[in-house]
Structure formats: C-alpha cells, structure tokens
Amino acid sequence: MMEITKTIKCKLIGLTKRKLELLNREYDNFQHYLKTGEDKGVYSATKQQGKRTYRKINPNKEYPLVIRKDLMDIRKTDNKLAKYWARIPIHGVRGGIKVALAHQPLNFEEWEVCGSKLVRKNGGFYLHVTAKRKVELRKEYSSIIAIDVGARWVGVSVAPHRSKPKFYGKKVREVRGKYFWLRRKFGREKKLRAIKKIGNKEKRIVNNELHKIAKDIVNEAEKHNAIIAIGNLNGVRNNKGKKANRKVNSMPFYRLKEYIKYKAFERGIAVVEVPEFNTSKQCSRCGSMRAERPSQGVFICKDCGYQINADVNGAKNILKRAVGYMLTAGASVTQPEGGSRYILHTPQPPLTGLHGGSPLLQ
Ligand SMILES: [Zn+2]
C-alpha cells in the first residue's frame with residue numbers, strides 16, 4: 001500500500017461583492033499580521049498556521065492564507081454553478097463563507113483532503129487543495145504494454161492484445177522541429193528575449209502532448225488490465241554506443257516515462273522498468289545481435305531474416321525482457337488456454353523516481 005499526494009488548484013467562482021470583500025479583508029489582515037505581528041482581525045487558526053508555515057517574511061511578498069486540515073470542508077452540491085463548494089474560515093464570520101470551486105476533474109469524495117492554501121492572484125482567489133489517497137497496486141494482469149523510445153518518435157509501444165504497434169509523439173516532433181529552426185534564426189539575429197519566450201512556449205506544448213500520450217497509454221493499460229513495461233537506461237550512458245547516449249538524452253521520453261509512472265500508479269497499475277541496453281541492436285524474434293540496418297528505420301536480422309520497423313523491434317525487445325524480468329523478480333507468467341496471465345508476486349515492483357509526496361502537476 002502506498003500513498004499518493006496531489007495539489008489541486010481551484011479558482012473560486014461566482015463570488016458576491018460581500019464575499020470578495022471579506023476574502024480581501026482576511027487576506028490583507030493576514031499579510032499585515034505576518035509582517036508586523038499586529039492583529040487587525042484574522043481567523044485565529046489561520047494566524048497560527050501562518051506563523052508555523054512562514055518562518056522568514058519578505059516584506060515585499062504576499063503570502064497565501066493557510067487553512068488548517070481540520071477546518072477544510074469541501075462538499076458536493078447540486079448547484080448549477082459548481083460541483084463542489086468549500087468553506088473558508090473568516091474572522092468574525094460564524095461558520096466562515098461558502099465559495100464555489102471552478103470545475104476540476106478530481107472527485108474529492110475519494111480523497112482525504114489535507115490542508116489548503118488560499119492564493120490571491122490578479123484580483124481573483126484560488127484554493128490550492130492538498131489531497132491524499134492510498135493506492136493498492138494490482139497484482140494480476142492479463143497483458144503487457146511495452147514502450148521503447150523511438151528514433152523518430154517519442155515512444156513506440158507493442159502489446160500482445162493488439163497486432164499493431166502504436167507510435168507516439170508526432171506533434172512533439174513537429175513542434176521541436178519548428179522551434180529548433182526558430183531558435184537558430186533568432187540566435188543569428190541575437191534576439192535573446194524571443195528565444196526565451198519561444199522556449200517556454202515549446203516546453204508547454206510538448207509537456208501537454210506528453211501528458212496526453214501518457215494518459216492514452218494508461219487508459220489502454222486499464223482497459224486491458226495490462227502491466228506497463230518501459231526501458232530503463234540507467235547505467236547505459238557510459239557504454240560506448242552513440243545511440244545509447246542519444247536515448248539517454250532524449251528528454252521527452254524521460255518525461256513521458258515520469259508521467260506514465262505517475263498516472264499508472266494513481267490507478268494502481270504497476271510499471272516495470274527493464275534494462276534497455278541493445279534493444280535497438282538485438283533481433284526481437286531470435287535474439288541474434290547480427291543485424292543489418294539498410295536505413296535508420298529498418299531492422300533486418302542476418303540470422304533469421306526477420307525484417308521489421310526498427311523502433312517496433314526495440315519495443316518488442318522490451319516486451320520480451322519484461323516477461324523475463326518478471327520471471328526472475330518473482331512474478332510469474334502463466335499461459336492457460338485463455339491466454340497469458342501475468343502475476344506480480346513482488347510486493348512492490350521497482351518504481352524508481354516516483355515520489356508519493358511530490359505530485360506532478362498538469
Ligand atoms: Zn533474428
């Protein structure tokens with residue numbers, strides 16, 4: 001059993017003039033209290049939490065209101081405006097004020113709501129709710145989705161429950177290509193601010209795409225009750241292969257992997273990491289290391305004659321190794337008449353790089 005923590009940012013919507021005034025008053029008084037120690041009227045628990053949370057006060061900064069866990073009250077409503085309402089404690093207002101939370105995808109009933117912060121930004125208010133939940137990983141799976149980094153794709157996956165491989169990240173490639181040229185152009189023109197600006201934009205677009213791909217993969221895993229296998233490049237960097245270095249440095253794949261791990265974990269789906277060394281050189285059918293690469297995209301085995309898309313070959317190797325890995329790690333793969341059954345006997349599959357306490361926010 002593991003725990004997962006998440007912070008959800010909810011905008012407060014439909015605030016009446018009175019509520020907005022009360023929130024601003026509480027917020028201003030809180031700032032005043034933190035900076036001078038003088039209390040012009042702040043809810044007492046908020047005051048205490050503030051003191052506990054903010055040790056060093058910068059007079060030029062605004063500090064979010066800290067709402068103690070036991071005072072958090074988020075409820076579902078039938079109201080048309082919002083699915084959930086929260087109660088904000090306000091000094092001098094009995095029971096605080098009720099505020100509507102803008103649409104967000106989390107079902108608060110399934111989570112334990114912890115403390116929160118109320119943030120004032122551009123004249124509006126946002127409640128940053130911290131929530132946690134226990135997650136139990138599934139132990140039995142009916143299939144495997146194996147993912148490898150591709151030469152021209154962010155990732156390529158194969159799975160026994162479908163005959164066709166899937167290629168991910170067409171848009172990522174396009175975006176990166178486009179911005180590569182733009183950066184070069186602005187570089188020649190010495191437009192440094194423009195470079196920084198497009199850099200941020202590129203990152204946003206690429207990240208968004210990676211989240212979509214990860215979601216897609218985890219949805220498929222859930223639908224087919226599949227465990228997810230991803231190549232792990234740790235330790236590959238120092239080997240002389242040029243390709244290995246390119247792979248290690250493939251940041252989008254690395255991030256994609258992190259997103260997949262996080263999203264899979266949230267739904268109780270295990271992710272196993274298998275050594276990725278030589279996945280591009282080995283024949284996924286016979287295991288031979290003697291291959292011909294007439295072009296970057298084509299893999300031909302010199303021993304068994306297997307001809308296949310080189311990226312798909314890599315993903316198939318990951319699949320094979322994942323099955324082998326699960327066998328050695330104490331998991332079992334049985335093949336009853338109905339097909340394969342993958343059972344993880346290890347209490348915890350290797351979930352490197354995953355921290356329950358640091359949510360990856362979308
Ligand atoms: Zn072969």
# chains A, B, ... in the order shown; residues from 1 in each chain; ligands from 1
$ select_by_dssp --residues "segment 107-213 of chain A" --states "strand (DSSP E)" --output "PyMOL selection string"
chain A and resi 112-121+124-135+140-141+143-148+155-158+166-168
$ residues_near_ligand --ligand "ligand 1" --cutoff "10 Å" --atoms "only C-alpha atoms and all ligand atoms" --output "PyMOL selection string"
chain A and resi 282-291+299-307
$ residues_around --residues "segment 11-15 of chain A" --least-positions-apart "5" --cutoff "10 Å" --atoms "only C-alpha atoms" --output "list in words"
Leu20, Glu21, Leu23, Leu81, Ala82, Trp85, Ala86, Lys98, Val99, Ala100, Leu101, Ala102, His103, Gln104, Leu118, Val119, Arg120, Lys121, Gly124, Phe125, Tyr126, Leu127 and His128 of chain A
$ residues_around --residues "Arg267 of chain A" --least-positions-apart "4" --cutoff "8 Å" --atoms "only C-alpha atoms" --output "JSON, numbers by chain"
{"A": [135, 137, 222, 263]}
$ residues_around --residues "Lys166 of chain A" --least-positions-apart "4" --cutoff "7 Å" --atoms "only C-alpha atoms" --output "number ranges by chain"
A: 156-158
$ write_last_selection --atoms "C-alpha atoms" --output "mmCIF file, in the first residue's frame"
data_model
loop_
_atom_site.group_PDB
_atom_site.id
_atom_site.type_symbol
_atom_site.label_atom_id
_atom_site.label_comp_id
_atom_site.auth_asym_id
_atom_site.auth_seq_id
_atom_site.Cartn_x
_atom_site.Cartn_y
_atom_site.Cartn_z
ATOM 1 C CA VAL A 156 6.674 3.214 -29.645
ATOM 2 C CA SER A 157 4.571 0.565 -27.961
ATOM 3 C CA VAL A 158 3.594 -3.024 -28.628
#
$ residues_around --residues "Ile147 of chain A" --least-positions-apart "6" --cutoff "12 Å" --atoms "only C-alpha atoms" --output "MDAnalysis selection string"
chainID A and resid 153:159 165:168 213:214 217:218 221 227:232 253:254 256:257 260 271:274 276 279 311:322
$ write_last_selection --atoms "C-alpha atoms" --output "short mmCIF file (atom, residue, chain, number, x, y, z; two decimals), in the first residue's frame"
data_model
loop_
_atom_site.label_atom_id
_atom_site.label_comp_id
_atom_site.auth_asym_id
_atom_site.auth_seq_id
_atom_site.Cartn_x
_atom_site.Cartn_y
_atom_site.Cartn_z
CA TRP A 153 9.12 9.08 -32.23
CA VAL A 154 8.93 9.95 -28.58
CA GLY A 155 7.86 6.38 -27.98
CA VAL A 156 6.67 3.21 -29.64
CA SER A 157 4.57 0.56 -27.96
CA VAL A 158 3.59 -3.02 -28.63
CA ALA A 159 1.17 -5.22 -26.71
CA PRO A 165 2.30 -1.11 -32.81
CA LYS A 166 1.46 2.43 -31.72
CA PHE A 167 3.68 5.40 -32.44
CA TYR A 168 3.54 8.37 -30.12
CA ILE A 213 0.31 10.36 -24.60
CA ALA A 214 0.77 9.12 -21.02
CA ILE A 217 -1.15 4.59 -22.58
CA VAL A 218 -2.50 4.32 -19.05
CA ALA A 221 -3.46 -0.43 -19.73
CA ILE A 227 1.09 -4.03 -16.75
CA ILE A 228 3.33 -1.37 -18.31
CA ALA A 229 6.95 -2.11 -19.21
CA ILE A 230 9.36 0.68 -20.03
CA GLY A 231 13.02 0.60 -20.92
CA ASN A 232 15.40 1.85 -18.29
CA PHE A 253 10.95 10.22 -23.40
CA TYR A 254 12.30 10.65 -19.93
CA LEU A 256 6.91 10.80 -20.72
CA LYS A 257 8.12 7.97 -18.56
CA ILE A 260 3.26 7.37 -17.25
CA VAL A 271 5.16 -0.05 -14.20
CA VAL A 272 8.20 -2.28 -14.55
CA GLU A 273 11.45 -0.93 -15.83
CA VAL A 274 13.68 -3.24 -17.79
CA GLU A 276 17.19 -1.14 -22.37
CA THR A 279 17.26 -3.09 -27.63
CA ASP A 311 11.52 1.12 -33.46
CA VAL A 312 8.96 -1.65 -33.23
CA ASN A 313 11.80 -4.14 -32.87
CA GLY A 314 13.03 -2.14 -29.87
CA ALA A 315 9.62 -2.16 -28.22
CA LYS A 316 9.29 -5.91 -28.84
CA ASN A 317 12.61 -6.45 -27.09
CA ILE A 318 11.32 -4.50 -24.11
CA LEU A 319 8.27 -6.74 -24.07
CA LYS A 320 10.36 -9.89 -24.11
CA ARG A 321 12.67 -8.61 -21.42
CA ALA A 322 9.73 -7.52 -19.28
#
